[in-house]
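**Q** I'd like to ask some things about the structure below.
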Amino acid sequence: MSKFYEALAMVTSLTKEQQDRFISEVKDLQRSAVINELDIGTVVKINHKKVSPTDQFRITKINRKNVKCQKVGTNVTYTVTPALLEIVK
């Protein structure tokens, strides 16, 4: 049995409250991993179906659960989860 299926079996054996706590912790780890790569002023793209893939945004503020980005050349601001951001190189 692979590690994934072992972990899945473990999580499904938890109570609903424990599962929610586990998911919350995993999401916090994912967010912090992405946020550690970001700085204010970094140019990024937003991977979302309602945002054009060619638009570029500059990070203006980094919060615990989301990031504020301003579209380059305009005053349009979006607040997004860090998981949707891709750093423009």
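In the structure tokens, each chain is lettered A, B, ... as it comes, each chain's residues begin at 1, and ligands are numbered from 1 in order of appearance.
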Could you write out, as a list in words, all the residues of segment 29-61 of chain A that DSSP marks as alpha helix (DSSP H)?

**A**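 Of segment 29-61 of chain A, the ones in alpha helix (DSSP H) are Leu29, Gln30, Arg31, Ser32, Ala33, Val34 and Ile35 of chain A.
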
**Q** DSSP on the backbone, strand (DSSP E) only: what residues of segment 27-77 of chain A does that give? Format it as a list in words.

**A**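 Selection result, strand (DSSP E) within segment 27-77 of chain A: Val43, Val44, Lys45, Ile46, Phe57, Arg58, Ile59, Thr60, Lys61, Ile62, Val67, Lys68, Cys69, Gln70, Lys71 and Thr77 of chain A.
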
**Q** A:Arg31, A:Arg58, A:Lys89, A:Lys16: which is nearest Asn75 of chain A, counting only C-alpha atoms?

**A**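 Result for the nearest residue to Asn75 of chain A: A:Arg58.
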
**Q** Nearest to Asp39 of chain A: which of A:Arg21, A:Lys27, A:Lys68, A:Lys3 is it, counting only C-alpha atoms?

**A**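 Of the candidates, the smallest distance to Asp39 of chain A is held by A:Lys68.
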
**Q** Nearest residue to Ile23 of chain A out of A:Val80, A:Val51, A:Val72, A:Val11, using only C-alpha atoms?

**A**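 Looking only at the distances to Ile23 of chain A, the closest residue turns out to be A:Val11.
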
**Q** When distances are computed from only C-alpha atoms, which of A:Thr74, A:Thr15, A:Thr54, A:Thr60 shows the smallest separation from Leu38 of chain A?

**A**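 Of the candidates, the smallest distance to Leu38 of chain A is held by A:Thr60.
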
**Q** When you count only C-alpha atoms, which of these residues is closest to Asn63 of chain A: A:Glu86, A:Ile35, A:Ser24, A:Lys45?

**A**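 The shortest atom-to-atom distance to Asn63 of chain A comes from A:Ile35.
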
**Q** From the list A:Ile87, A:Ile62, A:Leu8, A:Leu29, which residue is nearest Val44 of chain A when using only C-alpha atoms?

**A**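 Ranking A:Ile87, A:Ile62, A:Leu8, A:Leu29 by distance to Val44 of chain A, first place goes to A:Ile87.
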
**Q** Which residues are near Gln30 of chain A? Cut-off 12 Å, only C-alpha atoms, ignore same chain within fewer than 6 positions. Put them as a PDB file with all heavy atoms, in the first residue's frame.

**A**
```pdb
ATOM      1  N   ILE A  23      -7.036  19.197   8.104  1.00  0.00           N
ATOM      2  CA  ILE A  23      -7.100  19.941   6.840  1.00  0.00           C
ATOM      3  C   ILE A  23      -6.653  21.384   7.041  1.00  0.00           C
ATOM      4  O   ILE A  23      -5.909  21.941   6.232  1.00  0.00           O
ATOM      5  CB  ILE A  23      -8.511  19.856   6.232  1.00  0.00           C
ATOM      6  CG1 ILE A  23      -8.773  18.421   5.765  1.00  0.00           C
ATOM      7  CG2 ILE A  23      -8.686  20.849   5.092  1.00  0.00           C
ATOM      8  CD1 ILE A  23     -10.207  18.141   5.397  1.00  0.00           C
ATOM      9  N   SER A  24      -7.090  21.988   8.132  1.00  0.00           N
ATOM     10  CA  SER A  24      -6.696  23.357   8.444  1.00  0.00           C
ATOM     11  C   SER A  24      -5.179  23.470   8.606  1.00  0.00           C
ATOM     12  O   SER A  24      -4.556  24.408   8.094  1.00  0.00           O
ATOM     13  CB  SER A  24      -7.399  23.818   9.713  1.00  0.00           C
ATOM     14  OG  SER A  24      -6.973  25.090  10.087  1.00  0.00           O
ATOM     15  N   ASN A  36       6.376  32.415   2.070  1.00  0.00           N
ATOM     16  CA  ASN A  36       7.809  32.577   2.308  1.00  0.00           C
ATOM     17  C   ASN A  36       8.570  32.927   1.038  1.00  0.00           C
ATOM     18  O   ASN A  36       9.648  33.505   1.108  1.00  0.00           O
ATOM     19  CB  ASN A  36       8.403  31.316   2.934  1.00  0.00           C
ATOM     20  CG  ASN A  36       7.977  31.136   4.372  1.00  0.00           C
ATOM     21  OD1 ASN A  36       7.598  32.094   5.040  1.00  0.00           O
ATOM     22  ND2 ASN A  36       8.023  29.917   4.847  1.00  0.00           N
ATOM     23  N   GLU A  37       8.023  32.602  -0.121  1.00  0.00           N
ATOM     24  CA  GLU A  37       8.666  32.915  -1.396  1.00  0.00           C
ATOM     25  C   GLU A  37       8.306  34.313  -1.893  1.00  0.00           C
ATOM     26  O   GLU A  37       8.922  34.808  -2.828  1.00  0.00           O
ATOM     27  CB  GLU A  37       8.251  31.902  -2.457  1.00  0.00           C
ATOM     28  CG  GLU A  37       8.694  30.491  -2.178  1.00  0.00           C
ATOM     29  CD  GLU A  37       8.220  29.523  -3.240  1.00  0.00           C
ATOM     30  OE1 GLU A  37       7.804  29.976  -4.331  1.00  0.00           O
ATOM     31  OE2 GLU A  37       8.261  28.312  -2.983  1.00  0.00           O
ATOM     32  N   ARG A  64      -1.817  36.892   6.635  1.00  0.00           N
ATOM     33  CA  ARG A  64      -1.622  35.500   7.054  1.00  0.00           C
ATOM     34  C   ARG A  64      -2.269  34.523   6.082  1.00  0.00           C
ATOM     35  O   ARG A  64      -1.702  33.481   5.776  1.00  0.00           O
ATOM     36  CB  ARG A  64      -2.196  35.307   8.453  1.00  0.00           C
ATOM     37  CG  ARG A  64      -1.924  33.956   9.053  1.00  0.00           C
ATOM     38  CD  ARG A  64      -2.338  33.892  10.499  1.00  0.00           C
ATOM     39  NE  ARG A  64      -3.734  34.168  10.716  1.00  0.00           N
ATOM     40  CZ  ARG A  64      -4.691  33.256  10.674  1.00  0.00           C
ATOM     41  NH1 ARG A  64      -4.392  32.008  10.417  1.00  0.00           N
ATOM     42  NH2 ARG A  64      -5.940  33.577  10.887  1.00  0.00           N
ATOM     43  N   LYS A  65      -3.485  34.835   5.587  1.00  0.00           N
ATOM     44  CA  LYS A  65      -4.211  33.901   4.729  1.00  0.00           C
ATOM     45  C   LYS A  65      -4.379  34.378   3.294  1.00  0.00           C
ATOM     46  O   LYS A  65      -4.843  33.623   2.450  1.00  0.00           O
ATOM     47  CB  LYS A  65      -5.593  33.614   5.313  1.00  0.00           C
ATOM     48  CG  LYS A  65      -5.534  32.786   6.570  1.00  0.00           C
ATOM     49  CD  LYS A  65      -6.914  32.341   6.971  1.00  0.00           C
ATOM     50  CE  LYS A  65      -6.847  31.401   8.142  1.00  0.00           C
ATOM     51  NZ  LYS A  65      -8.154  30.857   8.477  1.00  0.00           N
ATOM     52  N   THR A  81      -5.778  34.147  -2.445  1.00  0.00           N
ATOM     53  CA  THR A  81      -5.037  33.167  -1.664  1.00  0.00           C
ATOM     54  C   THR A  81      -3.670  32.954  -2.331  1.00  0.00           C
ATOM     55  O   THR A  81      -3.581  32.986  -3.568  1.00  0.00           O
ATOM     56  CB  THR A  81      -5.826  31.848  -1.553  1.00  0.00           C
ATOM     57  OG1 THR A  81      -5.098  30.954  -0.728  1.00  0.00           O
ATOM     58  CG2 THR A  81      -6.065  31.219  -2.890  1.00  0.00           C
ATOM     59  N   PRO A  82      -2.635  32.759  -1.564  1.00  0.00           N
ATOM     60  CA  PRO A  82      -1.297  32.603  -2.158  1.00  0.00           C
ATOM     61  C   PRO A  82      -1.173  31.422  -3.115  1.00  0.00           C
ATOM     62  O   PRO A  82      -0.326  31.431  -4.001  1.00  0.00           O
ATOM     63  CB  PRO A  82      -0.398  32.379  -0.938  1.00  0.00           C
ATOM     64  CG  PRO A  82      -1.133  32.926   0.212  1.00  0.00           C
ATOM     65  CD  PRO A  82      -2.584  32.796  -0.109  1.00  0.00           C
ATOM     66  N   ALA A  83      -2.030  30.422  -2.960  1.00  0.00           N
ATOM     67  CA  ALA A  83      -1.965  29.244  -3.837  1.00  0.00           C
ATOM     68  C   ALA A  83      -2.245  29.594  -5.298  1.00  0.00           C
ATOM     69  O   ALA A  83      -1.836  28.867  -6.195  1.00  0.00           O
ATOM     70  CB  ALA A  83      -2.934  28.185  -3.360  1.00  0.00           C
ATOM     71  N   LEU A  84      -2.921  30.721  -5.557  1.00  0.00           N
ATOM     72  CA  LEU A  84      -3.253  31.108  -6.924  1.00  0.00           C
ATOM     73  C   LEU A  84      -2.148  31.945  -7.588  1.00  0.00           C
ATOM     74  O   LEU A  84      -2.255  32.262  -8.760  1.00  0.00           O
ATOM     75  CB  LEU A  84      -4.554  31.917  -6.950  1.00  0.00           C
ATOM     76  CG  LEU A  84      -5.816  31.207  -6.505  1.00  0.00           C
ATOM     77  CD1 LEU A  84      -7.013  32.157  -6.549  1.00  0.00           C
ATOM     78  CD2 LEU A  84      -6.085  29.989  -7.369  1.00  0.00           C
TER      79      LEU A  84
END
```

**Q** What gap, in Å, lies between atom CA of Thr79 of chain A and atom CA of Glu25 of chain A?

**A**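 Result for atom CA of Thr79 of chain A versus atom CA of Glu25 of chain A: 21.6 Å, one decimal.
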